[in-house]
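Trainee: Provided herewith is a single structure, encoded as structure tokens, for subsequent inquiry.
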Amino acid sequence: MELRKVTSENLFSIVKLTVNESQQNFVASNTESILEAYVTVTAGNVALPFGLYEDGKLVGFIMFGYGGIGEEDEPKICEGNYCIWRLMIDGRFQGRGLGKKAMEAALSYIRTWPCGKAEYCWLSYEPENTAAAGLYRSFGFVENGEMDGDEIVAVLKL
Ligand SMILES: CC(C)(COP(=O)(O)OP(=O)(O)OC[C@H]1O[C@@H](n2cnc3c(N)ncnc32)[C@H](O)[C@@H]1OP(=O)(O)O)[C@@H](O)C(=O)NCCC(=O)NCCS
């Protein structure tokens with residue numbers, strides 16, 4: 001699994017990726033995520049969006065954060081730590097182990113410390129998103145009692 005930066009070349013393929021209809025409440029569309037990345041970066045904060053490629057084929061999208069983005073109700077864990085902000089595998093390619101491979105690639109990338117060393121990686125998910133919760137738990141993420149809006153926050157010590 002390879003992470004490739006969002007560029008003018010792959011942007012329009014990435015925004016066409018979709019999750020299954022029953023999952024649409026679990027993750028923003030890739031268009032919304034990339035717009036959020038734009039406003040985050042122009043405000044001087046960090047957003048790192050990538051296409052996920054398996055054997056050279058685009059299968060999903062991931063976006064990382066680092067530190068806060070200046071919102072009032074951000075979880076405390078965001079300060080000085082990495083975040084897997086968005087993750088999706090296109091519905092056509094789910095259930096084949098690609099989510100796991102994406103998480104492995106994501107954590108390897110974070111451990112290159114693109115924004116400097118940090119102690120934790122955190123993420124959040126809707127309480128009904130049992131597939132994501134199971135995936136994250138299998139990588140050692142543990143709920144820390146915080147919420148990000150209506151999403152449960154879970155944390156991994158890096
Ligand atoms: C979550 C997601 C990325 C998993 O991708 P995937 O390629 O289907 O995952 P994998 O095939 O690698 O499965 C990895 C693990 O996810 C969990 N999982 C995947 N599909 C599941 C399902 N339908 N029900 C329960 N658990 C599931 C399991 O823990 C599974 O491990 P196992 O096979 O050892 O039991 C994918 O379902 C997705 O894009 N969902 C919609 C967007 C989303 O919810 N993103 C996360 C937002 S927080």
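Chain labels follow the order of the structure tokens: the first chain is A, the next B, and so on; residue numbering restarts at 1 in every chain, and ligands are counted from 1 in their shown order.
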Pick out each residue of stretch 3-52 of chain A that DSSP on the backbone tags as alpha helix (DSSP H); I need them as a list of chain:residue names.
Mentor: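 Those in stretch 3-52 of chain A that DSSP calls alpha helix (DSSP H) are A:Leu11, A:Phe12, A:Ser13, A:Ile14, A:Asn30, A:Thr31, A:Glu32, A:Ser33, A:Ile34, A:Leu35, A:Glu36, A:Ala37, A:Tyr38, A:Val39, A:Thr40, A:Val41, A:Thr42.
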Trainee: Residues at most 6 Å from ligand 1, using only C-alpha atoms and all ligand atoms? Could they come as a ChimeraX atom specification?
Mentor: /A:19,23,26-27,87-89,94-100,124-125,130-132,134-135
Trainee: Could you write those residues out with C-alpha atoms, as a PDB file, in the first residue's frame?
Mentor:
ATOM      1  CA  VAL A  19     -18.051   4.480   0.367  1.00  0.00           C
ATOM      2  CA  GLN A  23     -21.432   4.242   5.458  1.00  0.00           C
ATOM      3  CA  PHE A  26     -19.292   7.769   8.869  1.00  0.00           C
ATOM      4  CA  VAL A  27     -16.947   9.881   6.762  1.00  0.00           C
ATOM      5  CA  LEU A  87      -9.744   7.193   6.100  1.00  0.00           C
ATOM      6  CA  MET A  88     -11.841   5.526   3.465  1.00  0.00           C
ATOM      7  CA  ILE A  89     -11.530   2.527   1.171  1.00  0.00           C
ATOM      8  CA  GLN A  94     -13.547  -3.093   0.947  1.00  0.00           C
ATOM      9  CA  GLY A  95     -13.357  -6.380   2.876  1.00  0.00           C
ATOM     10  CA  ARG A  96     -10.067  -7.485   1.294  1.00  0.00           C
ATOM     11  CA  GLY A  97      -7.623  -6.388   3.942  1.00  0.00           C
ATOM     12  CA  LEU A  98      -6.910  -3.001   2.362  1.00  0.00           C
ATOM     13  CA  GLY A  99      -8.115  -1.065   5.409  1.00  0.00           C
ATOM     14  CA  LYS A 100      -5.524  -2.933   7.463  1.00  0.00           C
ATOM     15  CA  SER A 124     -12.331   9.447  16.078  1.00  0.00           C
ATOM     16  CA  TYR A 125     -15.329   7.498  14.824  1.00  0.00           C
ATOM     17  CA  THR A 130     -18.221  -0.957  14.400  1.00  0.00           C
ATOM     18  CA  ALA A 131     -16.038  -1.817  11.371  1.00  0.00           C
ATOM     19  CA  ALA A 132     -13.780   1.199  11.958  1.00  0.00           C
ATOM     20  CA  GLY A 134     -12.673  -2.973  15.256  1.00  0.00           C
ATOM     21  CA  LEU A 135      -9.997  -2.009  12.755  1.00  0.00           C
TER      22      LEU A 135
END
Trainee: Env of A:Phe64: 10 Å cut, atoms = only C-alpha atoms, seq-sep filter 4 positions within chain, self excluded. Answer as a list in words.
Mentor: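 Close residues of A:Phe64: Ala37, Val46, Ala47, Leu48, Pro49, Phe50, Tyr82, Cys83, Ile84, Trp85, Arg86, Leu87, Ala106, Tyr109, Ile110, Cys121 and Leu123 of chain A.
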Trainee: Suppose we keep N, CA and C atoms; can you now write the selection as a PDB file, in the first residue's frame?
Mentor:
ATOM      1  N   ALA A  37      -8.865  20.434   3.909  1.00  0.00           N
ATOM      2  CA  ALA A  37      -7.399  20.482   3.912  1.00  0.00           C
ATOM      3  C   ALA A  37      -6.943  21.852   3.413  1.00  0.00           C
ATOM      4  N   VAL A  46      -2.078  22.175   9.914  1.00  0.00           N
ATOM      5  CA  VAL A  46      -1.591  21.024   9.139  1.00  0.00           C
ATOM      6  C   VAL A  46      -2.734  20.121   8.676  1.00  0.00           C
ATOM      7  N   ALA A  47      -2.736  19.807   7.383  1.00  0.00           N
ATOM      8  CA  ALA A  47      -3.591  18.756   6.823  1.00  0.00           C
ATOM      9  C   ALA A  47      -2.789  18.105   5.704  1.00  0.00           C
ATOM     10  N   LEU A  48      -2.699  16.784   5.749  1.00  0.00           N
ATOM     11  CA  LEU A  48      -1.870  16.054   4.785  1.00  0.00           C
ATOM     12  C   LEU A  48      -2.732  14.985   4.102  1.00  0.00           C
ATOM     13  N   PRO A  49      -3.324  15.310   2.947  1.00  0.00           N
ATOM     14  CA  PRO A  49      -4.201  14.355   2.263  1.00  0.00           C
ATOM     15  C   PRO A  49      -3.454  13.516   1.215  1.00  0.00           C
ATOM     16  N   PHE A  50      -3.782  12.231   1.149  1.00  0.00           N
ATOM     17  CA  PHE A  50      -3.115  11.303   0.218  1.00  0.00           C
ATOM     18  C   PHE A  50      -4.131  10.347  -0.416  1.00  0.00           C
ATOM     19  N   TYR A  82      -0.287  13.612  16.365  1.00  0.00           N
ATOM     20  CA  TYR A  82      -0.788  13.300  15.026  1.00  0.00           C
ATOM     21  C   TYR A  82      -2.209  12.773  15.107  1.00  0.00           C
ATOM     22  N   CYS A  83      -2.899  12.941  13.991  1.00  0.00           N
ATOM     23  CA  CYS A  83      -4.283  12.484  13.899  1.00  0.00           C
ATOM     24  C   CYS A  83      -4.497  11.818  12.546  1.00  0.00           C
ATOM     25  N   ILE A  84      -5.154  10.670  12.536  1.00  0.00           N
ATOM     26  CA  ILE A  84      -5.660  10.129  11.271  1.00  0.00           C
ATOM     27  C   ILE A  84      -7.050  10.722  11.140  1.00  0.00           C
ATOM     28  N   TRP A  85      -7.135  11.741  10.327  1.00  0.00           N
ATOM     29  CA  TRP A  85      -8.309  12.621  10.279  1.00  0.00           C
ATOM     30  C   TRP A  85      -9.396  11.987   9.416  1.00  0.00           C
ATOM     31  N   ARG A  86      -9.016  11.416   8.318  1.00  0.00           N
ATOM     32  CA  ARG A  86      -9.980  10.745   7.432  1.00  0.00           C
ATOM     33  C   ARG A  86      -9.346   9.453   6.921  1.00  0.00           C
ATOM     34  N   LEU A  87     -10.177   8.440   6.748  1.00  0.00           N
ATOM     35  CA  LEU A  87      -9.744   7.193   6.100  1.00  0.00           C
ATOM     36  C   LEU A  87     -10.946   6.598   5.408  1.00  0.00           C
ATOM     37  N   ALA A 106      -0.197   4.043   7.133  1.00  0.00           N
ATOM     38  CA  ALA A 106      -0.432   5.321   7.813  1.00  0.00           C
ATOM     39  C   ALA A 106       0.490   5.460   9.018  1.00  0.00           C
ATOM     40  N   TYR A 109       4.056   5.963   8.029  1.00  0.00           N
ATOM     41  CA  TYR A 109       4.264   7.346   7.584  1.00  0.00           C
ATOM     42  C   TYR A 109       4.385   8.288   8.789  1.00  0.00           C
ATOM     43  N   ILE A 110       3.466   8.145   9.734  1.00  0.00           N
ATOM     44  CA  ILE A 110       3.504   9.032  10.910  1.00  0.00           C
ATOM     45  C   ILE A 110       4.844   8.874  11.634  1.00  0.00           C
ATOM     46  N   CYS A 121      -0.881   9.184  18.444  1.00  0.00           N
ATOM     47  CA  CYS A 121      -1.739   9.369  17.273  1.00  0.00           C
ATOM     48  C   CYS A 121      -3.166   9.165  17.767  1.00  0.00           C
ATOM     49  N   LEU A 123      -7.574   9.424  16.686  1.00  0.00           N
ATOM     50  CA  LEU A 123      -8.581   9.442  15.619  1.00  0.00           C
ATOM     51  C   LEU A 123      -9.942   9.403  16.285  1.00  0.00           C
TER      52      LEU A 123
END
Trainee: Just the residues within 12 Å of A:Arg111, please, counting only C-alpha atoms, with nothing from its chain fewer than 6 positions along; format it as a list in words.
Mentor: Asn81, Tyr82, Glu104, Ala105, Lys117, Ala118, Glu119, Tyr120, Cys121, Lys157 and Leu158 of chain A
Trainee: Once DSSP has gone over the backbone, tell me which residues of stretch 32-76 of chain A are in strand (DSSP E), as a list in words.
Mentor: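 Result set for stretch 32-76 of chain A (strand (DSSP E)): Val46, Ala47, Leu48, Pro49, Phe50, Gly51, Leu52, Tyr53, Glu54, Lys57, Leu58, Val59, Gly60, Phe61, Ile62, Met63, Phe64, Gly65 and Tyr66 of chain A.
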Trainee: Keeping N, CA, C and O atoms, export the residues of the selection given above as a CSV table (one decimal), in the first residue's frame.
Mentor:
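Full text of result.csv as output:
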chain,number,residue,atom,x,y,z
A,46,VAL,N,-2.1,22.2,9.9
A,46,VAL,CA,-1.6,21.0,9.1
A,46,VAL,C,-2.7,20.1,8.7
A,46,VAL,O,-3.6,19.7,9.5
A,47,ALA,N,-2.7,19.8,7.4
A,47,ALA,CA,-3.6,18.8,6.8
A,47,ALA,C,-2.8,18.1,5.7
A,47,ALA,O,-2.2,18.8,4.8
A,48,LEU,N,-2.7,16.8,5.7
A,48,LEU,CA,-1.9,16.1,4.8
A,48,LEU,C,-2.7,15.0,4.1
A,48,LEU,O,-2.9,13.9,4.6
A,49,PRO,N,-3.3,15.3,2.9
A,49,PRO,CA,-4.2,14.4,2.3
A,49,PRO,C,-3.5,13.5,1.2
A,49,PRO,O,-2.6,14.0,0.5
A,50,PHE,N,-3.8,12.2,1.1
A,50,PHE,CA,-3.1,11.3,0.2
A,50,PHE,C,-4.1,10.3,-0.4
A,50,PHE,O,-5.1,9.9,0.2
A,51,GLY,N,-3.8,9.9,-1.7
A,51,GLY,CA,-4.5,8.8,-2.2
A,51,GLY,C,-3.9,7.5,-1.7
A,51,GLY,O,-2.7,7.5,-1.5
A,52,LEU,N,-4.7,6.5,-1.6
A,52,LEU,CA,-4.1,5.2,-1.2
A,52,LEU,C,-4.1,4.3,-2.4
A,52,LEU,O,-5.1,4.1,-3.1
A,53,TYR,N,-2.9,3.7,-2.7
A,53,TYR,CA,-2.7,3.0,-3.9
A,53,TYR,C,-2.2,1.5,-3.5
A,53,TYR,O,-1.3,1.4,-2.8
A,54,GLU,N,-2.9,0.6,-4.1
A,54,GLU,CA,-2.5,-0.8,-3.9
A,54,GLU,C,-2.2,-1.4,-5.3
A,54,GLU,O,-3.0,-1.3,-6.2
A,57,LYS,N,-2.9,0.9,-8.1
A,57,LYS,CA,-4.3,1.2,-8.3
A,57,LYS,C,-4.9,2.0,-7.2
A,57,LYS,O,-4.7,1.7,-6.0
A,58,LEU,N,-5.6,3.1,-7.5
A,58,LEU,CA,-6.2,4.0,-6.5
A,58,LEU,C,-7.3,3.2,-5.8
A,58,LEU,O,-8.3,2.8,-6.5
A,59,VAL,N,-7.3,3.0,-4.5
A,59,VAL,CA,-8.4,2.3,-3.8
A,59,VAL,C,-9.0,3.1,-2.6
A,59,VAL,O,-10.0,2.7,-2.1
A,60,GLY,N,-8.4,4.2,-2.2
A,60,GLY,CA,-8.9,4.9,-1.1
A,60,GLY,C,-8.2,6.3,-0.9
A,60,GLY,O,-7.4,6.7,-1.7
A,61,PHE,N,-8.6,6.8,0.3
A,61,PHE,CA,-8.1,8.2,0.6
A,61,PHE,C,-7.8,8.2,2.1
A,61,PHE,O,-8.5,7.6,2.9
A,62,ILE,N,-6.8,9.0,2.5
A,62,ILE,CA,-6.5,9.2,3.9
A,62,ILE,C,-6.0,10.6,4.1
A,62,ILE,O,-5.4,11.2,3.2
A,63,MET,N,-6.3,11.1,5.2
A,63,MET,CA,-5.8,12.5,5.5
A,63,MET,C,-5.3,12.5,7.0
A,63,MET,O,-6.0,12.0,7.9
A,64,PHE,N,-4.1,13.1,7.2
A,64,PHE,CA,-3.6,13.2,8.5
A,64,PHE,C,-3.6,14.7,9.0
A,64,PHE,O,-3.6,15.6,8.2
A,65,GLY,N,-3.7,14.8,10.3
A,65,GLY,CA,-3.5,16.2,10.9
A,65,GLY,C,-2.4,16.1,11.9
A,65,GLY,O,-1.9,15.1,12.3
A,66,TYR,N,-2.0,17.3,12.3
A,66,TYR,CA,-1.0,17.4,13.4
A,66,TYR,C,-1.4,18.7,14.2
A,66,TYR,O,-1.5,19.8,13.6
Trainee: Near stretch 138-143 of chain A, within 6 Å and counting only C-alpha atoms, which residues show up once chain neighbours fewer than 4 positions away are dropped, as a list in words?
Mentor: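 Result of the neighbour search: Val153, Ala154, Val155 and Leu156 of chain A.
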Trainee: Can I get the selection written as a PDB file, in the first residue's frame, with N, CA and C atoms?
Mentor:
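Result went into selection18.pdb, see below:
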ATOM      1  N   VAL A 153     -13.278   9.359  20.619  1.00  0.00           N
ATOM      2  CA  VAL A 153     -11.842   9.546  20.374  1.00  0.00           C
ATOM      3  C   VAL A 153     -11.074   8.318  20.880  1.00  0.00           C
ATOM      4  N   ALA A 154     -10.136   7.837  20.064  1.00  0.00           N
ATOM      5  CA  ALA A 154      -9.261   6.736  20.488  1.00  0.00           C
ATOM      6  C   ALA A 154      -7.819   7.108  20.175  1.00  0.00           C
ATOM      7  N   VAL A 155      -6.909   6.577  20.993  1.00  0.00           N
ATOM      8  CA  VAL A 155      -5.524   7.044  21.008  1.00  0.00           C
ATOM      9  C   VAL A 155      -4.560   5.863  20.971  1.00  0.00           C
ATOM     10  N   LEU A 156      -3.445   6.058  20.260  1.00  0.00           N
ATOM     11  CA  LEU A 156      -2.375   5.065  20.219  1.00  0.00           C
ATOM     12  C   LEU A 156      -1.077   5.742  20.640  1.00  0.00           C
TER      13      LEU A 156
END
Trainee: Taking 2 positions as the minimum chain separation for residues in the same chain, which residues sit within 7 Å of A:Val15 when counting only C-alpha atoms? Answer as number ranges by chain.
Mentor: A: 11-13, 17, 30-31
Trainee: Looking at only C-alpha atoms, which of A:Glu146, A:Glu9, A:Asp90, A:Glu151 is the one that sits closest to A:Glu126?
Mentor: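 Going through A:Glu146, A:Glu9, A:Asp90, A:Glu151 one by one, the smallest distance to A:Glu126 is for A:Glu151.
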Trainee: Using only C-alpha atoms, pick whichever of A:Ser22, A:Ile69, A:Leu3, A:Asp55 has the shortest atom-to-atom distance to A:Thr40.
Mentor: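 Going through A:Ser22, A:Ile69, A:Leu3, A:Asp55 one by one, the smallest distance to A:Thr40 is for A:Ile69.
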